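Colleague: My questions will all concern the structure given below.
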Amino acid sequence: MKKVFLACIASFSMLSVVNAQSYKYTLDVNQIKNDILPVSLVTPPQTSKKVIFSLPKIIPGTYAISDYGNFVDNVQAFTAAGKALPVKRLDVNRWEISNAHHMAKLTYNVEDIFDTDKKHNVYPMAATNFEENNVVLHYPGIIGFFENQGKLPFEVTINKPTNYFAATSKTPVKTTANQDVFDFTNVDDIYDMPAMYGKMDTVTIKVGLTDVLVAVYSPNGDIKAAPIANKLSALIQGAKNYLGGKLPTDRYAFLYYIKGRGLKQSFPPGLSGALEHTTSSFYYLPEMPAAALENMIVNISSHEFFHIITPLTIASKEVKEFNYDEVVLSKHLWLYEGATEYTAHHVQRKAGIDTEQQFLNKLSQKVTGSLLQYNDTLPFTTLSKSAATTYADQYGNVYQKGALISACLDVYLLHLSEGNYGLRNLMHDLGVKYGANAYFNDDEIFDEIGKLSYPAIKDFLVKYVAGNTPIPYAEYFALAGVKFSTPSSKKLIIDENASAQAKFIREKWLGVDPVMPKN
Ligand SMILES: [Zn+2]
């Protein structure tokens with residue numbers, strides 16, 4: 001309920017310090033009133049007379065238009081002496097400030113998205129919540145930046161009640177009972193680091209050298225962090241093994257928001273989900289019996305965790321030099337979402353968490369889901385490019401057919417290499433080639449994959465990912481001694497009569513990994 005909007009920020013102290021080349025934000029969680037968070041910013045120096053301040057239209061990982069500016073109101077700019085400067089709203093996400101070379105401070109109000117009355121398309125796992133006991137800080141919905149100054153560092157001071165826990169993978173540079181200070185290298189960094197404040201249940205586990213935080217906000221306290229951490233521990237241990245013995249981060253945070261039953265929020269009924277970040281992931285999940293929820297959490301957490309590989313390490317220019325103001329998507333969602341979804345389940349088989357048949361059942365469901373609900377002749381690259389617009393209704397296929405593309409690629413690679421080189425080897429090599437700080441060009445990646453592996457793999461991608469030919473699944477699964485139970489069925493089973501060669505490939509594909517020494 002929003003009854004009163006704060007008219008303005010009451011007062012602020014005169015600025016005596018010269019502002020450095022950085023953003024200095026203060027978020028006072030104690031001042032949240034009627035779902036409004038007052039934000040104040042000591043601005044970086046400006047040389048132009050006019051500057052544009054904006055919040056994102058779209059953020060990485062969502063493939064949908066968010067328009068976070070919708071929730072920002074009452075933007076005011078001031079000189080160091082406290083004199084107001086002209087501010088003009090240009091559109092939903094952008095404000096123009098005049099005489100900006102005299103600007104020292106900016107203030108505005110942010111309304112939270114979870115229970116807004118406004119119409120919007122923000123996914124709950126990328127939305128903000130300002131409630132008593134739970135504050136979800138998804139910074140794209142709170143923090144803005146000036147045009148051409150997105151690369152400057154950000155300092156964010158968060159004032160909070162003393163009984164609030166702060167769950168985030170970011171280590172504060174300063175922390176007291178009622179204040180945390182965080183430094184971020186640039187706007188990409190801050191948008192990649194959500195935080196959940198408030199009352200919650202938390203557990204930290206150690207996997208190898210990595211500290212893994214599990215934080216759960218459950219309104220009635222039914223869902224606890226410990227049993228989830230227990231299940232995740234086996235999964236992350238499996239992931240470490242799967243990735244060759246070392247996890248790619250020293251810290252990781254799983255942030256779970258459980259929506260109370262009957263609680264009215266602004267999202268379409270039944271919508272839940274999760275969003276990946278480089279060292280954390282945020283989950284918006286419905287309240288359900290703990291055992292069912294814990295199983296769901298393992299699958300979805302595995303998916304978000306493996307985004308560390310794609311697109312957070314291996315990605316194209318569209319992802320690595322992200323444009324927050326316009327929708328510019330890559331053609332390769334088969335890689336970012338599809339390969340991630342496949343790996344999320346493959347790792348559970350390779351770690352022995354799932355049986356062979358359980359893994360095949362998951363693939364079978366994807367065959368059925370993909371063929372029943374989506375257009376099988378729409379080229380996947382075309383779907384990707386317009387996933388936020390023309391083909392938004394086909395987006396869900398990235399988790400179905402997208403994963404099957406990777407399953408077929410994995411089997412085909414193992415077949416061509418006689419069991420020596422599978423999809424995870426290819427992902428490893430792509431990771432080495434591009435790393436976290438470089439990107440590939442959309443139109444070159446098939447050639448690169450062909451060079452790193454086999455020309456036949458490039459041909460597969462051209463025909464079945466960029467082309468409109470449906471994948472003949474039975475043909476590819478047969479290479480690993482797996483078949484549909486009957487010619488018309490979509491249930492995958494082990495083919496006991498497969499050739500010795502196919503059985504050998506099947507063992508490479510589905511056999512449990514030897515456990516690496518613990519470290
Ligand atoms: Zn994903």
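Residue numbering restarts at 1 for every chain of the structure tokens, chains are lettered A, B, ... in their displayed order, and ligands are numbered from 1 as they appear.
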Could you report the residues within 10 Å of ligand 1, using only C-alpha atoms and all ligand atoms, as a ChimeraX atom specification?

Modeller: /A:61-62,273-277,300-307,310-311,333,336-341,344,398-399

Colleague: Mind checking which residues fall within 6 Å of range 115-123 of chain A, counting only C-alpha atoms, ignoring those fewer than 3 positions away in the same chain, and posting them as a ChimeraX atom specification?

Modeller: /A:66,126,265-266

Colleague: Nearest residue to Ile236 in chain A out of A:Gly208, A:Pro289, A:Pro140, A:Pro487, using only C-alpha atoms?

Modeller: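 Closest candidate: A:Gly208.
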
Colleague: Neighbouring residues of Asn30 in chain A were defined as those with any atom within 8 Å, considering only C-alpha atoms; residues of the same chain fewer than 6 positions away were excluded. Please report them as a ChimeraX atom specification.

Modeller: /A:159-161

Colleague: Store the residues picked out above, limited to all heavy atoms, as a tab-separated table (two decimals), in the first residue's frame.

Modeller:
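Just written: out-v9.tsv:
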chain	number	residue	atom	x	y	z
A	159	ASN	N	22.82	2.63	5.79
A	159	ASN	CA	22.49	2.75	7.21
A	159	ASN	C	21.34	1.80	7.49
A	159	ASN	O	20.38	1.74	6.72
A	159	ASN	CB	22.08	4.19	7.54
A	159	ASN	CG	23.23	5.15	7.28
A	159	ASN	OD1	24.40	4.80	7.49
A	159	ASN	ND2	22.91	6.34	6.80
A	160	LYS	N	21.45	1.05	8.58
A	160	LYS	CA	20.47	-0.02	8.81
A	160	LYS	C	20.19	-0.20	10.30
A	160	LYS	O	21.01	0.19	11.13
A	160	LYS	CB	21.02	-1.32	8.24
A	160	LYS	CG	22.31	-1.76	8.97
A	160	LYS	CD	22.82	-3.08	8.48
A	160	LYS	CE	24.02	-3.56	9.25
A	160	LYS	NZ	23.72	-4.35	10.44
A	161	PRO	N	19.05	-0.80	10.62
A	161	PRO	CA	18.79	-1.14	12.02
A	161	PRO	C	19.84	-2.14	12.52
A	161	PRO	O	20.32	-2.96	11.73
A	161	PRO	CB	17.41	-1.81	11.99
A	161	PRO	CG	16.79	-1.37	10.69
A	161	PRO	CD	17.93	-1.16	9.74

Colleague: Which is closest to Ile471 in chain A among A:Ala167, A:Ile405, A:Ala291, A:Val92, if we use only C-alpha atoms?

Modeller: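 Smallest distance to Ile471 in chain A is found for A:Ile405.
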
Colleague: I want to know what sits within 9 Å of range 227-231 of chain A, based on only C-alpha atoms, with residues of the same chain fewer than 5 positions away left out; could you give that as an MDAnalysis selection string?

Modeller: chainID A and resid 203:205 212:214 236 294:295 297:298

Colleague: Could you give me the residues within range 229-326 of chain A that DSSP places in helix (DSSP H, G or I), as a PyMOL selection string?

Modeller: chain A and resi 229-242+290-306+317-320

Colleague: Once you have the residues from the selection above, write them out as a short mmCIF file (atom, residue, chain, number, x, y, z; two decimals), in the first residue's frame, restricted to N, CA, C and O atoms.

Modeller:
data_model
loop_
_atom_site.label_atom_id
_atom_site.label_comp_id
_atom_site.auth_asym_id
_atom_site.auth_seq_id
_atom_site.Cartn_x
_atom_site.Cartn_y
_atom_site.Cartn_z
N ALA A 229 21.56 -25.70 2.78
CA ALA A 229 23.03 -25.67 2.71
C ALA A 229 23.59 -27.09 2.59
O ALA A 229 24.56 -27.34 1.87
N ASN A 230 22.94 -28.01 3.29
CA ASN A 230 23.36 -29.40 3.26
C ASN A 230 23.28 -29.97 1.85
O ASN A 230 24.21 -30.60 1.35
N LYS A 231 22.15 -29.71 1.18
CA LYS A 231 21.98 -30.19 -0.20
C LYS A 231 22.92 -29.46 -1.15
O LYS A 231 23.48 -30.06 -2.08
N LEU A 232 23.07 -28.16 -0.95
CA LEU A 232 23.94 -27.39 -1.84
C LEU A 232 25.39 -27.80 -1.69
O LEU A 232 26.17 -27.75 -2.64
N SER A 233 25.75 -28.22 -0.49
CA SER A 233 27.13 -28.63 -0.24
C SER A 233 27.54 -29.76 -1.18
O SER A 233 28.60 -29.72 -1.82
N ALA A 234 26.66 -30.78 -1.33
CA ALA A 234 26.94 -31.89 -2.24
C ALA A 234 27.00 -31.40 -3.68
O ALA A 234 27.86 -31.82 -4.47
N LEU A 235 26.10 -30.49 -4.01
CA LEU A 235 26.05 -29.95 -5.37
C LEU A 235 27.32 -29.16 -5.71
O LEU A 235 27.93 -29.36 -6.76
N ILE A 236 27.70 -28.28 -4.80
CA ILE A 236 28.86 -27.42 -5.08
C ILE A 236 30.15 -28.25 -5.08
O ILE A 236 31.07 -27.99 -5.86
N GLN A 237 30.18 -29.26 -4.22
CA GLN A 237 31.32 -30.19 -4.25
C GLN A 237 31.39 -30.86 -5.63
O GLN A 237 32.46 -30.98 -6.23
N GLY A 238 30.21 -31.28 -6.13
CA GLY A 238 30.14 -31.88 -7.47
C GLY A 238 30.56 -30.90 -8.54
O GLY A 238 31.25 -31.25 -9.50
N ALA A 239 30.16 -29.64 -8.38
CA ALA A 239 30.51 -28.60 -9.36
C ALA A 239 32.02 -28.38 -9.38
O ALA A 239 32.63 -28.23 -10.44
N LYS A 240 32.61 -28.40 -8.20
CA LYS A 240 34.06 -28.21 -8.08
C LYS A 240 34.78 -29.33 -8.84
O LYS A 240 35.71 -29.08 -9.61
N ASN A 241 34.31 -30.54 -8.63
CA ASN A 241 34.87 -31.70 -9.32
C ASN A 241 34.70 -31.58 -10.83
O ASN A 241 35.61 -31.82 -11.61
N TYR A 242 33.48 -31.20 -11.21
CA TYR A 242 33.10 -31.08 -12.62
C TYR A 242 33.99 -30.06 -13.33
O TYR A 242 34.31 -30.21 -14.50
N ALA A 290 8.73 -27.89 2.84
CA ALA A 290 10.18 -27.75 2.81
C ALA A 290 10.86 -28.76 1.89
O ALA A 290 11.74 -28.41 1.11
N ALA A 291 10.42 -30.04 1.92
CA ALA A 291 11.10 -31.07 1.13
C ALA A 291 10.99 -30.77 -0.37
O ALA A 291 11.96 -30.88 -1.11
N ALA A 292 9.79 -30.39 -0.82
CA ALA A 292 9.58 -30.08 -2.24
C ALA A 292 10.40 -28.86 -2.64
O ALA A 292 11.03 -28.82 -3.70
N LEU A 293 10.40 -27.87 -1.76
CA LEU A 293 11.13 -26.64 -2.06
C LEU A 293 12.63 -26.90 -2.15
O LEU A 293 13.32 -26.40 -3.03
N GLU A 294 13.14 -27.74 -1.23
CA GLU A 294 14.58 -28.02 -1.22
C GLU A 294 15.02 -28.69 -2.52
O GLU A 294 16.09 -28.38 -3.05
N ASN A 295 14.20 -29.62 -3.05
CA ASN A 295 14.55 -30.27 -4.32
C ASN A 295 14.57 -29.28 -5.47
O ASN A 295 15.45 -29.29 -6.32
N MET A 296 13.56 -28.42 -5.48
CA MET A 296 13.47 -27.40 -6.52
C MET A 296 14.68 -26.48 -6.44
O MET A 296 15.28 -26.10 -7.45
N ILE A 297 15.06 -26.16 -5.20
CA ILE A 297 16.17 -25.23 -4.99
C ILE A 297 17.48 -25.80 -5.53
O ILE A 297 18.29 -25.07 -6.11
N VAL A 298 17.69 -27.11 -5.41
CA VAL A 298 18.95 -27.69 -5.89
C VAL A 298 19.07 -27.51 -7.40
O VAL A 298 20.10 -27.06 -7.91
N ASN A 299 17.99 -27.83 -8.14
CA ASN A 299 18.05 -27.71 -9.61
C ASN A 299 18.24 -26.27 -10.05
O ASN A 299 19.06 -25.97 -10.92
N ILE A 300 17.49 -25.38 -9.44
CA ILE A 300 17.53 -23.99 -9.89
C ILE A 300 18.85 -23.33 -9.44
O ILE A 300 19.45 -22.55 -10.17
N SER A 301 19.35 -23.72 -8.26
CA SER A 301 20.61 -23.15 -7.77
C SER A 301 21.78 -23.64 -8.61
O SER A 301 22.75 -22.91 -8.85
N SER A 302 21.69 -24.90 -9.06
CA SER A 302 22.74 -25.45 -9.91
C SER A 302 22.81 -24.64 -11.20
O SER A 302 23.88 -24.26 -11.67
N HIS A 303 21.64 -24.36 -11.75
CA HIS A 303 21.58 -23.55 -12.98
C HIS A 303 22.23 -22.18 -12.76
O HIS A 303 23.12 -21.78 -13.51
N GLU A 304 21.81 -21.49 -11.72
CA GLU A 304 22.34 -20.13 -11.50
C GLU A 304 23.84 -20.16 -11.24
O GLU A 304 24.59 -19.32 -11.71
N PHE A 305 24.27 -21.16 -10.48
CA PHE A 305 25.70 -21.25 -10.17
C PHE A 305 26.52 -21.43 -11.45
O PHE A 305 27.55 -20.79 -11.63
N PHE A 306 26.04 -22.29 -12.36
CA PHE A 306 26.83 -22.57 -13.57
C PHE A 306 26.82 -21.42 -14.57
O PHE A 306 27.56 -21.45 -15.55
N LYS A 317 30.15 -9.58 -27.09
CA LYS A 317 30.22 -8.15 -26.80
C LYS A 317 28.91 -7.62 -26.21
O LYS A 317 28.93 -6.79 -25.30
N GLU A 318 27.77 -8.11 -26.71
CA GLU A 318 26.47 -7.62 -26.25
C GLU A 318 26.31 -7.80 -24.74
O GLU A 318 25.61 -7.04 -24.09
N VAL A 319 26.95 -8.84 -24.20
CA VAL A 319 26.84 -9.12 -22.76
C VAL A 319 27.94 -8.40 -21.99
O VAL A 319 27.70 -7.79 -20.96
N LYS A 320 29.16 -8.47 -22.51
CA LYS A 320 30.31 -7.94 -21.76
C LYS A 320 30.35 -6.41 -21.75
O LYS A 320 30.85 -5.81 -20.82
#

Colleague: Taking into account only C-alpha atoms, which residue in the set A:Glu131, A:Asp325, A:Asp35, A:Glu287 is nearest to Pro56 in chain A?

Modeller: A:Asp325

Colleague: Go through A:Asn186, A:Ser453, A:Thr202, A:Gln394 and flag the residue nearest Leu409 in chain A, using only C-alpha atoms for the distances.

Modeller: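 Result for the nearest residue to Leu409 in chain A: A:Ser453.
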
Colleague: So, with only C-alpha atoms as the atoms that count, which of A:Ile309, A:Met103, A:Lys366, A:His332 lies closest to Leu243 in chain A?

Modeller: A:Ile309

Colleague: Restricting the calculation to only C-alpha atoms, which member of A:Gly262, A:Gly481, A:Gly150, A:Pro124 is positioned closest to Ala498 in chain A?

Modeller: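 Looking only at the distances to Ala498 in chain A, the closest residue turns out to be A:Gly481.
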
Colleague: With only C-alpha atoms as the counted atoms, please give the residues lying no more than 8 Å from Glu326 in chain A, apart from itself and same-chain residues fewer than 3 positions off, as a PyMOL selection string.

Modeller: chain A and resi 57-58+323

Colleague: Per DSSP on the backbone, filter range 194-435 of chain A down to the residues in strand (DSSP E) and report them as number ranges by chain.

Modeller: A: 195-198, 201-207, 210-217, 251-259, 273-276, 280-286

Colleague: What does the distance between CA of Tyr454 in chain A and CA of Asp429 in chain A come to in Å, to one decimal place?

Modeller: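 These atoms are spaced 13.2 Å apart.
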
Colleague: Just to confirm, what's the straight-line distance from CA of Tyr256 in chain A to CA of Leu285 in chain A in Å (one decimal)?

Modeller: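 Distance between the two atoms: 7.4 Å.
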
Colleague: Write out as a PyMOL selection string the residues lying within 10 Å of Ala438 in chain A, counting only C-alpha atoms and excluding same-chain residues fewer than 2 positions away.

Modeller: chain A and resi 313-317+320-321+431+433-436+440

Colleague: Limited to C-alpha atoms, could you put the picked residues into a file as a compact mmCIF listing (two decimals), in the first residue's frame?

Modeller:
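Result file selection_39.txt:
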# COMPACT_ATOMS: atom_id res chain seq x y z
CA THR A 313 32.94 -15.75 -18.23
CA ILE A 314 32.28 -16.72 -21.85
CA ALA A 315 30.09 -14.20 -23.66
CA SER A 316 29.81 -11.91 -26.63
CA LYS A 317 30.22 -8.15 -26.80
CA LYS A 320 30.31 -7.94 -21.76
CA GLU A 321 29.79 -4.32 -22.85
CA GLY A 431 36.91 -19.86 -21.01
CA LYS A 433 40.41 -18.19 -24.83
CA TYR A 434 38.02 -15.39 -23.80
CA GLY A 435 38.23 -15.20 -19.99
CA ALA A 436 36.24 -12.80 -17.84
CA PHE A 440 33.68 -12.93 -28.73

Colleague: Need the shell around Gly244 in chain A: protein/DNA/RNA residues with any atom at most 12 Å away, counting only C-alpha atoms. Skip same-chain ones fewer than 6 positions apart. Format as a list in words?

Modeller: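 Residues meeting the cut-off are Gln237, Gly238, Val347, Arg424, Asn425, Met427, His428, Asp513, Pro514, Val515, Met516 and Pro517 of chain A.
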
Colleague: Please produce a file of those selected residues containing N, CA and C atoms, as a CSV table (one decimal), in the first residue's frame.

Modeller:
chain,number,residue,atom,x,y,z
A,237,GLN,N,30.2,-29.3,-4.2
A,237,GLN,CA,31.3,-30.2,-4.2
A,237,GLN,C,31.4,-30.9,-5.6
A,238,GLY,N,30.2,-31.3,-6.1
A,238,GLY,CA,30.1,-31.9,-7.5
A,238,GLY,C,30.6,-30.9,-8.5
A,347,VAL,N,25.9,-32.1,-14.2
A,347,VAL,CA,26.7,-32.1,-13.0
A,347,VAL,C,26.1,-33.0,-11.9
A,424,ARG,N,32.2,-30.0,-21.6
A,424,ARG,CA,32.9,-29.3,-20.6
A,424,ARG,C,34.3,-28.9,-21.0
A,425,ASN,N,34.9,-29.8,-21.8
A,425,ASN,CA,36.3,-29.5,-22.3
A,425,ASN,C,36.2,-28.3,-23.2
A,427,MET,N,33.9,-25.9,-23.1
A,427,MET,CA,33.7,-24.7,-22.3
A,427,MET,C,34.9,-24.3,-21.6
A,428,HIS,N,35.7,-25.2,-21.1
A,428,HIS,CA,37.0,-24.9,-20.5
A,428,HIS,C,37.9,-24.1,-21.5
A,513,ASP,N,31.8,-39.2,-12.1
A,513,ASP,CA,33.2,-38.7,-12.1
A,513,ASP,C,33.9,-39.3,-10.9
A,514,PRO,N,35.2,-39.6,-11.0
A,514,PRO,CA,36.0,-40.0,-9.8
A,514,PRO,C,36.1,-38.7,-9.0
A,515,VAL,N,36.0,-38.9,-7.6
A,515,VAL,CA,36.0,-37.7,-6.8
A,515,VAL,C,37.5,-37.2,-6.6
A,516,MET,N,37.6,-35.9,-6.8
A,516,MET,CA,39.0,-35.3,-6.7
A,516,MET,C,39.3,-35.2,-5.2
A,517,PRO,N,40.5,-35.2,-4.8
A,517,PRO,CA,40.9,-35.0,-3.4
A,517,PRO,C,40.3,-33.7,-2.9

Colleague: Could you give me, as a Markdown table, every range 138-194 of chain A residue with an atom at most 9 Å from range 67-87 of chain A, plus its closest atom pair and distance in Å to one decimal, counting only C-alpha atoms, rows ordered by chain then number?

Modeller:
| residue | atom | partner | partner_atom | distance |
| --- | --- | --- | --- | --- |
| A:Pro140 | CA | A:Tyr68 | CA | 6.9 |
| A:Gly141 | CA | A:Tyr68 | CA | 5.1 |
| A:Ile142 | CA | A:Val72 | CA | 7.8 |
| A:Gly144 | CA | A:Gly69 | CA | 8.9 |
